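Enquirer: Sending over a structure as C-alpha cells; questions will come in a sec.
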Amino acid sequence: MALLLKNGRLVDPAVGLDEVADIIIRDGVIVEIGKDLSIPKGETLDISEKIVLPGLVDVHTHLREPGREDEETVASGTAAAAHGGFTAVCAMPNTSPICDTGSKVRFLVERAAEEGRVRVYPIGAITKGQEGAALAEIGDMTAEGAVAFSDDGRGIQSSGVTRIAMDYLRAFNKPLIAHCEDESLVSHGVVNEGVISTRMGMPGWPSAAEEIMVARDLRLAELTGCRLHLAHLSTAGSVALVRDAKARGVSVTCEVTPHHLFLDEDAVIRYDTNLKMNPPLRTAEDRAALVEGLIDGTVDCIATDHAPHAAHEKELEFELAPFGTTGLETALSLVNTHLVATEKLTWADVTRLMCHGPRAALGLPGVRLEAGQVADITVVDPEARVEVTREWFASKSRNSAFLGHKLLGKASEVLVGGYFALKNGKVVAR
Amino acid sequence: MLSCKHIMTVDDMSAEDIQLILDTADSFTEVNERRIKKLPTLRGRTVVNLFLEPSTRTRMSFEIAAKRLSADGVNFTASSSATVKGESLRDTAKTLSAMACDLVVVRHKYAGAPQMLQECMDAHIVNGGDGVHEHPTQALLDLFTMRRTLGKLAGLRVGIVGDICHSRVAGSLVPALLKVGATPVIIGPPTLMPARPDILGAEVIYSLDEALPTLDVAYMLRVQFERADAMPIPSNREYAKLYGMNATRLAAGKPEMIVMHPGPMNRGVEISSDVADSPRTVVLDQVNAGVAVRMAVMFLLLGGEGGGAAA
C-alpha cells in the first residue's frame, strides 16, 4: 500500500529540510522525498498549504488506564493524542494500581498494541507505590519496555532515596523524571503563593517549593551522573537553574506545559477548577521566562501533562478538586496561535520542542523526514480555526483549561507507521 | 437600592452600598430595642442558612435577622464536607434552587463556595464566611459598631492584630475599611501575614507596641492553631506577650481607642480577661449590630417588598 503526500511544506531541521515537496510512503516507511513525485497505484493526498513535521511526541501523558477508565483509557487517550497531532505519548505511572512492576508495564504495552491509535511508551514508577521510599523493580520494567522512570504526581521528598534511584538508573541508562515539589513548603497549597493566594484566601504553593527541588535534583544528577528530566517547570527561577546547570554540563533536560506557557495566575480568580494545576499557574513574569527558555534552548520539550478528570470531581470546591487539565488536543494549536503565528518560534523550533527534543530527552526512537525512516508524521493545517468546546474533544474528559478559547492551526493528518491515526482532522478508527 | 445582587465579597459592594446598608441597619437597631421585635417586611420570602461548617453565633445572628423581618428561615447545617456526605455543593445548590429559595446565606470551609452557589441558582447569595477568604457581613457589622461608637469611619486608623492570613474577618475588613476612607493597619508576625500583604492596601506593622499609640481601634483576631506541624508561633504565651491586648497596652493607646473582637474570644491569649470585660471593649455591641446589619442586608437584597423601611 503506497501513499503519496503532495505539495506539503516539509520542515525537519534534523535533516536540514524546509521546502515544499512530496513524500512517498510504502509499507510504513518513507521511501522517497522529492518534487513532482507520482505513484502508479495507491492513495494520493494533496496537502498544499499544510506543514509536514516528523511525528510529534508528548512525554507527559496520564492515560488513567488501569483504574480510572471513566476518565480516560488507552484507546481514548491515544485518540486524543492523534486528534492533537501526536504520533506517540509517554504514559505516566500514577494509575491505579501504580505502574511499578514489569507485569504492569507489560499490561500497558499490550493494551497499547490492542487499542492504541498512536504509540505508547510506558514510564515506570521509581519507588514502589510511588511512596518515595523503596525502589521499584526498575530492571524488570526496563526489560518490559519502560523508557523512563518517575514518581510524577508526587515528588520524592527524601534526597537519599532520590540519590539511590539516580545511581541505580545509571545501570540502565534511563532518565529519572522529577516532579519537583517540596511538600513541607507546599502543604495544602492550591494556587501560586503571592498575589493570587492573598486575594483568593487560598493556601499558596510557593515557587521556592519547586526551585528547591530543581536545585537539589540538579546537584544529585551531577553527583551521580544520572540523566535527569525535569517535568512541568513553572517558574522563572527553575528555568534559570536549568540554564546554569546546562552551562556546567549537567546531563539535564526539562519540559514546560502549554498551560504554564499560555495562562497565568490571574486566570484563577473566578475559582474555575479547570485552572487548578500542580504546579499552579504562575505569574506573567514566570510565563515570559518559560517562553524565553523555549527560545534560547534551555527548555527541551513542550509537554502536555494531559490530566483527564471526571467532571463530578472537577466540579468540587476549588480546594477539593483534583489538579490538572487535559492538554493533548490543544497543545499544538496553542503553540501555533501564541508562538508560531506571532513569530516567536518557527516550525523548525516546534520540531525541536515537540519531536526531537523530547525524543532525545527520554531516549525514544528518533523520527526524521528522510527516506528509509519509519513514517511517523504529523501534518498541520496552520490556518485551521479551532474553537475549544466541550464537544470538540476526543478525550473522555472535558476538563480543559482552554475551554472557550479560539485557536489557530490544527493537526489535520497523523501517520503512525504509515497508517492514518488522523485524517482530514478526524480520528481514524483502528 | 443596592448596586449588587449578591454579597459574596466586599468588592461586590460600592461605597454607597455600604453606606446604605449601615444607614438601614441604624433604623433596624431601633426595632431590636422594641418589645415586639418583628416587622412584616419579608413575609413570604424564604431565607436558607446553608451552614456547611460549624458555626453558632453567625448562624443564630442570620436566623434572628430573618425572623425579625418575618421571612421564613430554614437552616441547612452539616458539619461534614459535602464530599464526605455524598452530595456535592453544586447538587445542594440546585436542590435549594428547585425549592425556590429567595436568599441563601452560605458558610463553607472552602473559599469560593458562594461563587459556586451563585453559578447554580437564582437566589441572592450572602457569604456567611468562605474558608479563610471573606466574611463580608462581619466587616459590615464591625463598620457599623465603629461608626456608632466613634461617630465616624473616614480617617479612623484600625489596627487588625493577629492571624491575618487565616482570617476571613481580616479578608473582608481590610477592603471594607478602605472603601469607607479608614486606614487599615495589619499587625502581627510575618508568619501570620498573607504572602503579599503589600497588595491589600493596608499598612503592615510587625510590632503591636509600635502601632498602638496611633490606633483608634484595636481589632484583636482570634488565635487558633490546630496544626502541629510548622507552627507559626512558638507558644500562646509568647503570642500574648507580643500581640495580646492587656491593661498595660490599653493604657498605652489613645484614651478613646476601642477594642474589638469577632468572637469567640480566647481570654488570656489575644485578649486579657480584664480588657475583655472593660467598657472600652465593644464585643457585645458588635454582636448586637450583627442582627441589625444582617436584617439590613436581607431587606435591601430582597428589595423590601411587602413593606417600607423599618423606621
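We label chains A, B, ... in the order they appear in the C-alpha cells, count residues from 1 in each chain, and number ligands from 1 in the order shown.
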Please list as a list in words every residue within 6 Å of range 409-411 of chain A, counting only C-alpha atoms and excluding residues in the same chain fewer than 3 positions away.
Expert: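 The contact residues come out as Gly85, Ser333, Val379, Val380, Asp381, Pro382, Glu383 and Ala384 of chain A.
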Enquirer: Report as a list in words the set of chain A residues whose atoms approach chain B to within 9 Å, with distances computed over only C-alpha atoms.
Expert: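 Every residue meeting the condition is included here: Ser184, Glu193, Gly194, Val195, Ile196, Ser197, Thr198, Arg199, Met200, Gly201, Met202, Pro203, Gly204, Arg270, Tyr271, His312, Glu315, Leu316, Glu317, Phe318, Glu319 and Leu320 of chain A.
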Enquirer: Taking 2 positions as the minimum chain separation for residues in the same chain, which residues sit within 9 Å of Ile271 in chain B when counting only C-alpha atoms? Answer as a PyMOL selection string.
Expert: chain B and resi 220+222+240+243-246+261+265-269+273-276
Enquirer: Work out how far CA of Thr235 in chain A is from CA of Gly155 in chain A, in Å to one decimal.
Expert: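 Going from CA of Gly155 in chain A over to CA of Thr235 in chain A, I get 16.4 Å.
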Enquirer: Range 398-408 of chain A: which residues within 9 Å, counting only C-alpha atoms, same-chain residues fewer than 3 positions away excluded, as a PDB file with C-alpha atoms, in the first residue's frame?
Expert:
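Below is the file that was written, selection.pdb:
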ATOM      1  CA  HIS A 259      -0.929  25.843  30.393  1.00  0.00           C
ATOM      2  CA  LEU A 263      -2.084  31.087  31.208  1.00  0.00           C
ATOM      3  CA  ASP A 272     -12.547  27.772  37.805  1.00  0.00           C
ATOM      4  CA  THR A 273     -11.233  24.389  38.884  1.00  0.00           C
ATOM      5  CA  ASN A 274     -10.103  23.607  35.338  1.00  0.00           C
ATOM      6  CA  LEU A 275      -7.334  26.088  36.097  1.00  0.00           C
ATOM      7  CA  LYS A 276      -6.228  24.244  39.237  1.00  0.00           C
ATOM      8  CA  ALA A 307      -4.539  15.031  33.099  1.00  0.00           C
ATOM      9  CA  PRO A 308      -8.121  13.921  32.436  1.00  0.00           C
ATOM     10  CA  HIS A 309     -10.509  14.163  35.380  1.00  0.00           C
ATOM     11  CA  ALA A 310     -14.119  13.182  35.907  1.00  0.00           C
ATOM     12  CA  ALA A 311     -16.487  16.143  35.728  1.00  0.00           C
ATOM     13  CA  LYS A 314     -13.541  18.776  38.945  1.00  0.00           C
ATOM     14  CA  GLY A 324      -4.744  19.150  36.199  1.00  0.00           C
ATOM     15  CA  THR A 325      -6.059  19.924  32.747  1.00  0.00           C
ATOM     16  CA  THR A 326      -6.328  17.876  29.604  1.00  0.00           C
ATOM     17  CA  GLY A 327      -3.760  19.010  27.074  1.00  0.00           C
ATOM     18  CA  THR A 330      -4.950  21.805  22.440  1.00  0.00           C
ATOM     19  CA  SER A 333      -2.958  24.713  18.276  1.00  0.00           C
ATOM     20  CA  LEU A 334      -1.880  26.802  21.276  1.00  0.00           C
ATOM     21  CA  ASN A 336       0.822  27.825  16.741  1.00  0.00           C
ATOM     22  CA  THR A 337      -1.555  30.531  17.932  1.00  0.00           C
ATOM     23  CA  HIS A 338       0.709  32.069  20.553  1.00  0.00           C
ATOM     24  CA  ALA A 341       1.780  32.781  14.292  1.00  0.00           C
ATOM     25  CA  ASP A 381      -3.103  22.957   8.784  1.00  0.00           C
ATOM     26  CA  PRO A 382      -1.795  26.271  10.130  1.00  0.00           C
ATOM     27  CA  GLU A 383      -4.896  28.182   9.033  1.00  0.00           C
ATOM     28  CA  ALA A 384      -7.493  25.887  10.567  1.00  0.00           C
ATOM     29  CA  ARG A 385      -9.797  27.622  13.041  1.00  0.00           C
ATOM     30  CA  VAL A 386     -10.442  25.830  16.286  1.00  0.00           C
ATOM     31  CA  GLU A 387     -12.976  26.766  18.901  1.00  0.00           C
ATOM     32  CA  VAL A 388     -12.349  24.731  22.017  1.00  0.00           C
ATOM     33  CA  THR A 389     -15.741  23.448  23.130  1.00  0.00           C
ATOM     34  CA  ARG A 390     -16.702  20.557  25.360  1.00  0.00           C
ATOM     35  CA  GLU A 391     -17.955  18.642  22.327  1.00  0.00           C
ATOM     36  CA  PHE A 393     -12.589  16.618  22.367  1.00  0.00           C
ATOM     37  CA  SER A 395     -10.613  12.549  25.196  1.00  0.00           C
TER      38      SER A 395
END
Enquirer: How many Å separate CA of Ser97 in chain B from CA of Asn75 in chain B?
Expert: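 These atoms are spaced 14.8 Å apart.
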Enquirer: Among range 334-388 of chain A, which ones does DSSP assign to strand (DSSP E) (computed from the backbone)? Answer as a count of residues only.
Expert: 11
